[in-house]
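Structure data (compact mmCIF, C-alpha atoms) from data_5.txt:
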# COMPACT_ATOMS: atom_id res chain seq x y z
CA MET A 23 94.41 10.24 51.19
CA SER A 24 92.91 11.70 48.03
CA GLN A 25 94.76 14.55 46.49
CA GLY A 26 93.69 17.28 44.11
CA PHE A 27 96.09 18.76 41.62
CA ILE A 28 96.04 22.55 41.46
CA ASN A 29 98.84 22.57 38.85
CA ASP A 30 101.79 20.50 37.96
CA ASN A 31 103.92 21.86 40.79
CA PHE A 32 101.99 20.75 43.91
CA ALA A 33 98.93 18.89 45.25
CA VAL A 34 96.58 19.53 48.21
CA PRO A 35 94.38 17.11 50.15
CA LEU A 36 90.69 16.75 49.29
CA PRO A 37 88.08 17.88 50.09
CA LEU A 38 88.98 21.48 49.50
CA ALA A 39 88.49 23.92 52.36
CA VAL A 40 85.88 26.67 51.92
CA ALA A 41 88.66 29.19 51.63
CA SER A 42 90.12 27.15 48.78
CA GLY A 43 86.77 27.01 46.85
CA GLY A 44 85.24 23.98 48.63
CA THR A 45 82.64 23.68 51.38
CA GLY A 46 84.72 22.33 54.16
CA SER A 47 82.32 19.36 54.32
CA ALA A 48 82.98 15.68 53.99
CA THR A 49 79.43 14.65 52.94
CA ALA A 50 76.83 15.85 50.41
CA ALA A 51 74.32 16.62 53.15
CA THR A 52 76.66 18.83 55.15
CA ALA A 53 77.83 20.48 51.93
CA ARG A 54 74.23 21.40 51.02
CA ALA A 55 73.68 22.70 54.52
CA ALA A 56 76.78 24.85 54.21
CA LEU A 57 75.62 26.19 50.86
CA SER A 58 71.89 26.39 51.84
CA ALA A 59 71.14 24.30 48.76
CA ALA A 60 68.78 21.42 47.97
CA GLN A 61 69.79 18.33 46.08
CA SER A 62 68.28 17.41 42.73
CA GLY A 63 65.22 15.10 42.98
CA ALA A 64 63.56 14.08 46.26
CA ASN A 65 64.87 15.76 49.43
CA THR A 66 64.53 14.29 52.89
CA ASP A 67 66.71 16.64 54.90
CA ILE A 68 64.93 20.02 54.40
CA THR A 69 63.33 21.15 57.66
CA SER A 70 61.87 24.55 56.66
CA LEU A 71 61.32 26.89 53.73
CA THR A 72 60.47 30.60 53.80
CA SER A 73 59.65 31.04 50.10
CA VAL A 74 59.43 28.74 47.11
CA SER A 75 59.18 29.73 43.45
CA LEU A 76 58.30 26.96 40.99
CA LEU A 77 57.81 26.79 37.28
CA ASP A 78 55.86 23.49 37.40
CA GLU A 79 54.02 22.06 40.44
CA ILE A 80 54.42 20.77 43.97
CA ALA A 81 53.88 17.07 44.64
CA CYS A 82 53.26 16.15 48.28
CA LYS A 83 53.43 12.69 49.83
CA TYR A 84 53.38 11.71 53.49
CA ASN A 85 56.41 9.42 53.53
CA ALA A 86 56.40 8.92 57.29
CA ASN A 87 53.17 6.88 57.05
CA PRO A 88 52.04 5.36 53.74
CA ALA A 89 48.43 5.17 55.03
CA ILE A 90 48.18 8.98 55.22
CA ALA A 91 47.42 10.97 52.05
CA GLY A 92 49.41 13.96 50.95
CA ARG A 93 48.56 17.21 52.69
CA ILE A 94 49.48 20.86 53.01
CA SER A 95 49.33 22.70 56.35
CA LEU A 96 48.94 26.47 56.36
CA TYR A 97 49.84 27.95 59.74
CA GLU A 98 48.46 31.02 61.42
CA ALA A 99 50.71 34.00 62.11
CA SER A 100 53.60 32.73 64.23
CA ASN A 101 53.06 35.42 66.89
CA ASN A 102 49.51 34.07 67.42
CA GLY A 103 50.31 30.39 67.90
CA VAL A 104 50.85 27.14 66.06
CA ASN A 105 47.36 26.34 64.77
CA PHE A 106 46.93 25.60 61.08
CA VAL A 107 44.47 24.87 58.27
CA ARG A 108 45.21 21.56 56.60
CA ILE A 109 44.22 20.55 53.08
CA SER A 110 44.42 16.79 52.54
CA ALA A 111 43.72 14.44 49.65
CA ASN A 112 41.36 11.51 50.12
CA THR A 113 43.21 8.40 51.20
CA THR A 114 41.62 6.44 48.33
CA LEU A 115 41.08 7.90 44.86
CA SER A 116 39.74 6.03 41.84
CA SER A 117 41.50 8.53 39.60
CA SER A 118 43.37 11.79 39.84
CA LEU A 119 41.32 14.94 40.44
CA ASP A 120 42.23 18.36 39.11
CA PHE A 121 40.38 21.32 40.63
CA VAL A 122 40.71 24.74 39.00
CA TRP A 123 40.04 27.62 41.39
CA PRO A 124 37.89 30.66 40.45
CA ASP A 125 39.52 33.65 38.83
CA SER A 126 37.98 36.15 41.29
CA ALA A 127 37.05 36.54 44.95
CA GLY A 128 33.35 36.13 44.13
CA THR A 129 30.28 37.98 45.43
CA VAL A 130 29.12 38.18 49.04
CA SER A 131 27.02 35.16 50.05
CA TYR A 132 27.69 33.30 46.78
CA PRO A 133 28.76 29.68 47.37
CA MET A 134 31.52 27.93 45.47
CA ILE A 135 30.12 25.32 43.09
CA THR A 136 31.64 22.84 40.65
CA ASP A 137 30.84 22.30 37.03
CA GLY A 138 31.36 18.55 37.48
CA GLY A 139 34.65 18.62 35.59
CA GLY A 140 36.84 20.22 38.25
CA GLY A 141 36.10 23.84 37.40
CA LEU A 142 35.16 25.84 40.52
CA SER A 143 33.30 29.16 40.53
CA PHE A 144 31.27 31.44 42.79
CA ALA A 145 27.62 31.55 41.75
CA VAL A 146 24.01 31.62 42.92
CA LEU A 147 23.09 28.09 43.96
CA PRO A 148 20.72 26.64 41.33
CA ILE A 149 17.35 25.40 42.60
CA ALA A 150 18.26 21.93 41.41
CA GLY A 151 21.29 22.12 43.69
CA GLY A 152 19.06 22.93 46.65
CA GLY A 153 17.58 19.49 46.74
CA THR A 154 14.29 19.89 44.86
CA GLY A 155 15.37 18.75 41.41
CA ALA A 156 13.41 21.71 40.00
CA THR A 157 14.71 24.43 37.72
CA THR A 158 12.14 27.18 38.41
CA ALA A 159 10.78 28.77 41.58
CA ILE A 160 7.24 27.54 40.88
CA ALA A 161 8.41 23.99 40.30
CA ALA A 162 10.51 24.16 43.46
CA ARG A 163 7.53 25.23 45.57
CA THR A 164 5.48 22.43 44.04
CA ALA A 165 8.21 19.90 44.75
CA LEU A 166 8.54 21.07 48.35
CA ALA A 167 4.81 21.30 49.04
CA GLN A 168 3.01 18.49 50.76
CA VAL A 169 -0.64 18.13 49.78
CA PRO A 170 -2.92 19.23 52.64
CA THR A 171 -4.85 16.53 54.46
CA SER A 172 -8.17 16.71 56.28
CA GLN A 173 -10.24 14.97 58.93
CA LEU A 174 -14.04 15.02 59.04
CA PHE A 175 -15.99 14.45 62.24
CA ILE A 176 -19.69 13.77 61.70
CA THR A 177 -20.88 12.43 65.04
CA GLY A 178 -19.98 11.93 68.67
CA SER A 179 -17.01 13.30 70.60
CA GLY A 180 -13.36 12.44 71.15
CA THR A 181 -9.80 13.66 70.76
CA TYR A 182 -8.29 15.08 67.59
CA THR A 183 -4.58 14.37 67.04
CA THR A 184 -2.50 16.81 65.00
CA PRO A 185 -0.44 14.99 62.31
CA ALA A 186 3.36 15.05 62.47
CA ASN A 187 5.07 18.00 60.73
CA CYS A 188 1.79 19.91 60.45
CA LEU A 189 2.42 23.68 60.40
CA TYR A 190 -1.13 24.89 60.90
CA ILE A 191 -4.74 23.77 60.77
CA THR A 192 -8.07 25.34 59.92
CA VAL A 193 -11.33 24.28 61.56
CA GLU A 194 -14.87 24.72 60.23
CA ALA A 195 -17.79 23.66 62.38
CA ILE A 196 -21.54 24.04 62.66
CA GLY A 197 -23.93 23.26 65.50
CA GLY A 198 -26.94 20.97 65.32
CA GLY A 199 -30.23 22.34 63.95
CA GLY A 200 -33.25 22.85 66.18
CA GLY A 201 -36.25 20.56 65.85
CA GLY A 202 -39.53 21.78 64.35
CA GLY A 203 -42.56 22.56 66.50
CA ALA A 204 -45.76 20.47 66.46
CA SER A 205 -49.40 21.52 66.30
CA GLY A 206 -52.41 19.91 67.95
CA VAL A 207 -54.62 19.97 71.00
CA THR A 208 -51.43 20.36 73.04
CA PRO A 209 -48.85 22.18 70.87
CA ALA A 210 -45.20 21.31 71.53
CA THR A 211 -41.86 23.00 70.92
CA GLY A 212 -38.92 21.24 69.24
CA THR A 213 -35.71 20.75 71.20
CA THR A 214 -32.57 22.82 70.73
CA GLY A 215 -29.74 21.32 68.66
CA GLY A 216 -26.51 20.27 70.34
CA ALA A 217 -23.42 22.50 70.42
CA THR A 218 -20.44 21.56 68.26
CA THR A 219 -17.07 22.29 69.88
CA PHE A 220 -13.40 22.07 68.94
CA SER A 221 -10.98 23.32 71.57
CA THR A 222 -12.22 26.87 72.36
CA LEU A 223 -14.48 27.09 69.29
CA THR A 224 -18.16 26.68 70.18
CA CYS A 225 -20.97 26.60 67.63
CA ASN A 226 -24.26 26.46 69.47
CA GLY A 227 -27.26 24.58 68.15
CA GLY A 228 -30.38 26.21 66.74
CA VAL A 229 -33.38 26.68 69.00
CA GLY A 230 -36.44 24.48 68.43
CA GLY A 231 -39.52 25.85 66.63
CA VAL A 232 -42.47 26.82 68.85
CA GLY A 233 -45.64 24.74 68.68
CA GLU A 234 -48.28 26.83 66.85
CA GLY A 235 -45.89 29.78 67.00
CA ALA A 236 -42.58 31.31 65.92
CA GLY A 237 -39.59 29.69 64.33
CA GLY A 238 -36.55 28.93 66.46
CA VAL A 239 -33.60 31.35 66.57
CA GLY A 240 -30.31 30.28 64.97
CA GLY A 241 -27.38 29.18 67.12
CA THR A 242 -24.73 31.63 68.25
CA VAL A 243 -20.94 31.21 67.97
CA ALA A 244 -17.94 31.85 70.25
CA GLY A 245 -14.18 31.59 69.68
CA SER A 246 -14.38 32.04 65.90
CA THR A 247 -12.63 34.44 63.55
CA LEU A 248 -15.64 34.19 61.23
CA PRO A 249 -18.77 33.68 63.37
CA ILE A 250 -22.04 33.27 61.45
CA GLN A 251 -25.17 32.89 63.52
CA GLY A 252 -27.56 30.24 62.32
CA GLY A 253 -30.66 31.15 60.31
CA THR A 254 -33.96 31.50 62.14
CA GLY A 255 -36.70 29.01 61.38
CA GLU A 256 -39.83 30.21 59.58
CA ASN A 257 -42.83 31.08 61.73
CA GLY A 258 -45.95 28.94 61.74
CA GLN A 259 -48.76 30.45 59.66
CA TYR A 260 -52.36 30.17 58.50
CA GLN A 261 -52.62 30.45 54.75
CA SER A 262 -55.77 30.50 52.53
CA GLY A 263 -57.78 28.37 54.90
CA ALA A 264 -55.08 25.67 54.99
CA SER A 265 -52.45 25.93 57.70
CA VAL A 266 -48.80 25.15 56.71
CA GLY A 267 -45.82 24.91 59.04
CA GLY A 268 -42.63 26.96 59.03
CA SER A 269 -39.55 25.78 57.14
CA GLY A 270 -36.38 24.96 59.08
CA GLY A 271 -33.70 27.65 59.26
CA GLN A 272 -30.90 27.58 56.69
CA GLY A 273 -27.34 27.66 57.99
CA ALA A 274 -23.95 28.22 56.36
CA PHE A 275 -24.29 24.80 54.73
CA GLY A 276 -28.00 25.13 53.96
CA GLY A 277 -29.92 21.96 54.77
CA GLY A 278 -33.07 23.36 56.41
CA GLY A 279 -36.05 20.99 56.31
CA SER A 280 -39.24 21.79 54.39
CA ARG A 281 -42.40 22.74 56.30
CA GLY A 282 -45.28 20.44 56.89
CA THR A 283 -48.48 20.90 54.90
CA GLY A 284 -51.95 19.47 55.08
CA ILE A 285 -50.82 16.89 52.53
CA SER A 286 -47.31 15.99 53.69
CA GLY A 287 -45.44 16.07 56.95
CA ALA A 288 -42.53 18.31 57.91
CA VAL A 289 -39.05 17.36 56.62
CA ALA A 290 -35.98 16.94 58.81
CA GLY A 291 -32.86 19.06 58.40
CA ILE A 292 -30.17 17.43 56.28
CA THR A 293 -27.61 15.43 58.25
CA ASN A 294 -24.31 17.26 58.98
CA THR A 295 -25.54 20.63 57.72
CA GLY A 296 -26.99 21.93 60.99
CA GLY A 297 -30.21 22.85 59.15
CA GLY A 298 -33.36 23.34 61.22
CA GLY A 299 -36.19 20.84 61.12
CA GLY A 300 -39.50 21.81 59.50
CA GLY A 301 -42.50 22.78 61.62
CA SER A 302 -45.79 20.92 61.44
CA ALA A 303 -48.95 21.97 59.68
CA GLY A 304 -52.09 22.94 61.59
CA ASP A 305 -55.73 22.67 60.69
CA ALA A 306 -58.82 24.84 60.59
CA THR A 307 -58.74 25.40 64.35
CA ASN A 308 -55.03 25.04 65.19
CA ASN A 309 -52.25 27.21 63.86
CA SER A 310 -49.16 25.64 62.32
CA SER A 311 -45.81 25.48 64.12
CA GLY A 312 -42.44 27.17 63.57
CA GLY A 313 -39.40 25.53 62.03
CA GLY A 314 -36.25 24.97 64.06
CA GLY A 315 -33.32 27.38 63.80
CA SER A 316 -30.09 26.25 62.19
CA GLY A 317 -26.84 25.76 64.06
CA GLY A 318 -24.21 28.51 64.20
CA TYR A 319 -21.14 28.30 61.94
CA GLY A 320 -17.57 29.05 63.02
CA PHE A 321 -14.12 29.12 61.45
CA VAL A 322 -10.71 29.34 63.10
CA GLN A 323 -7.11 28.99 61.92
CA ILE A 324 -4.63 27.62 64.46
CA ASN A 325 -1.12 28.58 63.38
CA THR A 326 0.74 26.65 66.07
CA PRO A 327 -1.40 23.59 66.72
CA ALA A 328 -1.14 21.59 69.91
CA ALA A 329 -0.66 17.84 69.84
CA THR A 330 -4.34 17.12 70.59
CA TYR A 331 -7.72 18.83 70.93
CA SER A 332 -11.04 17.67 72.33
CA TYR A 333 -14.08 17.89 70.08
CA ALA A 334 -17.80 17.16 70.04
CA VAL A 335 -20.30 17.17 67.17
CA GLY A 336 -23.72 18.58 68.08
CA ALA A 337 -26.73 16.37 67.42
CA GLY A 338 -29.84 17.70 65.71
CA GLY A 339 -32.68 18.70 67.99
CA ALA A 340 -35.68 16.39 68.09
CA GLY A 341 -38.89 17.40 66.38
CA ALA A 342 -41.87 17.92 68.70
CA SER A 343 -44.88 15.56 68.76
CA ALA A 344 -48.55 16.59 68.84
CA SER A 345 -51.95 15.36 67.76
CA ILE A 346 -52.22 16.97 64.32
CA GLN A 347 -48.70 16.61 62.95
CA ASN A 348 -45.20 16.19 64.34
CA GLY A 349 -42.33 18.58 63.82
CA ALA A 350 -39.19 17.26 62.08
CA ALA A 351 -35.73 16.82 63.60
CA GLY A 352 -32.90 19.24 62.94
CA GLY A 353 -29.81 18.22 61.00
CA SER A 354 -26.71 17.23 62.97
CA GLY A 355 -23.58 19.37 63.06
CA VAL A 356 -20.15 18.64 61.60
CA ILE A 357 -16.44 19.49 62.02
CA LEU A 358 -13.97 19.72 59.15
CA VAL A 359 -10.26 20.07 60.01
CA ARG A 360 -7.78 20.82 57.22
CA GLU A 361 -4.07 20.26 57.85
CA PHE A 362 -1.31 22.18 56.06
CA TYR A 363 2.36 21.28 55.95
CA ILE A 364 4.06 24.14 54.07
Will you turn the file into structure tokens for me?
Amino acid sequence: MSQGFINDNFAVPLPLAVASGGTGSATAATARAALSAAQSGANTDITSLTSVSLLDEIACKYNANPAIAGRISLYEASNNGVNFVRISANTTLSSSLDFVWPDSAGTVSYPMITDGGGGLSFAVLPIAGGGTGATTAIAARTALAQVPTSQLFITGSGTYTTPANCLYITVEAIGGGGGGGASGVTPATGTTGGATTFSTLTCNGGVGGVGEGAGGVGGTVAGSTLPIQGGTGENGQYQSGASVGGSGGQGAFGGGGSRGTGISGAVAGITNTGGGGGGSAGDATNNSSGGGGSGGYGFVQINTPAATYSYAVGAGGAGASASIQNGAAGGSGVILVREFYI
């Protein structure tokens, strides 16, 4: 048995009892437990701490499993339960990372951002950080904007399909122009232009010019936020002993055909303008004929477009035929759809 010498007169067994200045323990671990002390260096037998004051830093490793990175768990109030917030390092690091926290609590709604060198701060998120790569509001809007697209329908009918990610569309349309009237032994009236439709938008065609009479009335419009009725064709007339026909009505896109004269025939309305066809000239005994009316124009903006819409482009009305001179055909209608994405 080991002995400790108190003085030269007697010896006592070791270890010393607590009452004699020792711990009463036979091992270092039980001695630390008795003294509530931690050993120098790494400790593996501490089960809990209530407060720690350090002059340097804390280094955490997960020794129980070498595949798990170091972590710190911050528990909720013990009277509420045992849930916690855990902060963990990445399991694989190419180099050590040192993050420096902000020196204030920041401003409401400000995010925490990094300066790229580990410095963290609360600040307004730069536009470049929002994914546009821009540094000004104007440049950001430009970067985010997708150029509008359009589809043009010049004849026939079918189904329009709204492009993917399209926010809204605008539709412009015009009906077909009426045909010009014809003069002769049996005067004839031009036919009415066809209606142009897109969903609930209807742009009616212009009425045909009357043989040896009045010009046709312009087409009406329904379902439009900007309805413009087509222009009326010019009346037939007798001028200075030489009869000349009436010009075709001008629509929102112009395009009305010129009137017939004793020298030249009436001119058709321009294709896809909805212009009315010119009326024919007369002669010394027969009055000239009226020009056809132009098609009506409509505009609509659809803010929540459906997947598809039916459409039809109105054809120009046919010019009338008679013995002196024929009336000219009206111009066909058109549909222009513009598609916007932002």
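Shell of A:Gln173 at 9 Å, with all atoms listed in the file counted and residues fewer than 4 places along the chain excluded, is A:Tyr182, A:Ile357, A:Leu358, A:Val359, A:Arg360, A:Glu361.
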Please save C-alpha atoms of the selected residues as a PDB file, in the coordinates of the input.
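The file below, again-v7.pdb, is the result:
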ATOM      1  CA  TYR A 182      -8.290  15.080  67.590  1.00  0.00           C
ATOM      2  CA  ILE A 357     -16.440  19.490  62.020  1.00  0.00           C
ATOM      3  CA  LEU A 358     -13.970  19.720  59.150  1.00  0.00           C
ATOM      4  CA  VAL A 359     -10.260  20.070  60.010  1.00  0.00           C
ATOM      5  CA  ARG A 360      -7.780  20.820  57.220  1.00  0.00           C
ATOM      6  CA  GLU A 361      -4.070  20.260  57.850  1.00  0.00           C
TER       7      GLU A 361
END
May I ask for the distance between atom CA of A:Ile196 and atom CA of A:Gly230, given in Å to one decimal place?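 A separation of 16.0 Å between them.
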Fewer than 2 positions away in the same chain doesn't count, so skip those; otherwise give me all residues within 10 Å of A:Arg108, counting only C-alpha atoms, as a list in words.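 The residues that qualify are Arg93, Ile94, Ser95, Leu96, Tyr97, Asn105, Phe106 and Ser110 of chain A.
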Residues near stretch 305-321 of chain A, cut-off 6 Å, all atoms listed in the file, skip fewer than 5 positions along chain, as number ranges by chain: A: 193-205, 225-243, 246-259, 265-273, 296-300
Just to confirm, what's the straight-line distance from atom CA of A:Gly178 to atom CA of A:Thr213 in Å (one decimal)?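 Spanning atom CA of A:Gly178 to atom CA of A:Thr213 is a straight-line distance of 18.2 Å.
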Pairwise distance for atom CA of A:Thr283 and atom CA of A:Gly304, rounded to one decimal in Å: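 Between these atoms lies a distance of 7.9 Å.
Distances from A:Ser126, A:Thr293, A:Ser117, A:Ser280 to A:Ala350 were compared using all atoms listed in the file, and the smallest one belongs to A:Ser280.
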Please rebuild stretch 91-121 of chain A with N, CA and C atoms and give the result as a compact mmCIF listing (two decimals), in the coordinates of the input.
# COMPACT_ATOMS: atom_id res chain seq x y z
N ALA A 91 47.34 10.31 53.36
CA ALA A 91 47.42 10.97 52.05
C ALA A 91 48.25 12.26 52.16
N GLY A 92 48.66 12.72 51.00
CA GLY A 92 49.41 13.96 50.95
C GLY A 92 48.59 15.14 51.46
N ARG A 93 49.28 16.09 52.09
CA ARG A 93 48.56 17.21 52.69
C ARG A 93 49.45 18.44 52.76
N ILE A 94 48.79 19.58 52.86
CA ILE A 94 49.48 20.86 53.01
C ILE A 94 48.91 21.53 54.24
N SER A 95 49.76 22.01 55.14
CA SER A 95 49.33 22.70 56.35
C SER A 95 49.72 24.17 56.25
N LEU A 96 48.73 25.04 56.41
CA LEU A 96 48.94 26.47 56.36
C LEU A 96 48.78 27.04 57.77
N TYR A 97 49.84 27.51 58.35
CA TYR A 97 49.84 27.95 59.74
C TYR A 97 49.37 29.39 59.89
N GLU A 98 48.83 29.65 61.07
CA GLU A 98 48.46 31.02 61.42
C GLU A 98 49.72 31.84 61.63
N ALA A 99 49.56 33.14 61.84
CA ALA A 99 50.71 34.00 62.11
C ALA A 99 51.47 33.45 63.31
N SER A 100 52.79 33.38 63.20
CA SER A 100 53.60 32.73 64.23
C SER A 100 53.49 33.43 65.59
N ASN A 101 53.19 34.74 65.60
CA ASN A 101 53.06 35.42 66.89
C ASN A 101 51.71 35.15 67.54
N ASN A 102 50.81 34.42 66.85
CA ASN A 102 49.51 34.07 67.42
C ASN A 102 49.46 32.63 67.93
N GLY A 103 50.34 31.77 67.45
CA GLY A 103 50.31 30.39 67.90
C GLY A 103 50.78 29.44 66.81
N VAL A 104 50.38 28.18 66.98
CA VAL A 104 50.85 27.14 66.06
C VAL A 104 49.69 26.39 65.43
N ASN A 105 48.50 26.99 65.42
CA ASN A 105 47.36 26.34 64.77
C ASN A 105 47.47 26.50 63.26
N PHE A 106 46.80 25.60 62.53
CA PHE A 106 46.93 25.60 61.08
C PHE A 106 45.65 25.13 60.42
N VAL A 107 45.52 25.41 59.13
CA VAL A 107 44.47 24.87 58.27
C VAL A 107 45.13 23.84 57.38
N ARG A 108 44.57 22.63 57.37
CA ARG A 108 45.21 21.56 56.60
C ARG A 108 44.32 21.15 55.43
N ILE A 109 44.89 21.04 54.27
CA ILE A 109 44.22 20.55 53.08
C ILE A 109 44.80 19.17 52.76
N SER A 110 43.94 18.16 52.74
CA SER A 110 44.42 16.79 52.54
C SER A 110 43.67 16.13 51.38
N ALA A 111 44.36 15.26 50.68
CA ALA A 111 43.72 14.44 49.65
C ALA A 111 42.99 13.28 50.32
N ASN A 112 42.01 12.71 49.63
CA ASN A 112 41.36 11.51 50.12
C ASN A 112 42.36 10.36 50.14
N THR A 113 42.25 9.50 51.13
CA THR A 113 43.21 8.40 51.20
C THR A 113 43.05 7.39 50.06
N THR A 114 41.86 7.36 49.45
CA THR A 114 41.62 6.44 48.33
C THR A 114 40.97 7.20 47.18
N LEU A 115 41.59 7.23 46.05
CA LEU A 115 41.08 7.90 44.86
C LEU A 115 41.00 6.90 43.71
N SER A 116 39.87 6.91 43.01
CA SER A 116 39.74 6.03 41.84
C SER A 116 40.50 6.57 40.65
N SER A 117 40.71 7.89 40.66
CA SER A 117 41.50 8.53 39.60
C SER A 117 41.95 9.88 40.11
N SER A 118 42.87 10.49 39.42
CA SER A 118 43.37 11.79 39.84
C SER A 118 42.30 12.87 39.62
N LEU A 119 42.27 13.83 40.53
CA LEU A 119 41.32 14.94 40.44
C LEU A 119 42.08 16.24 40.26
N ASP A 120 41.58 17.08 39.39
CA ASP A 120 42.23 18.36 39.11
C ASP A 120 41.20 19.47 39.28
N PHE A 121 41.31 20.24 40.37
CA PHE A 121 40.38 21.32 40.63
C PHE A 121 41.01 22.65 40.23
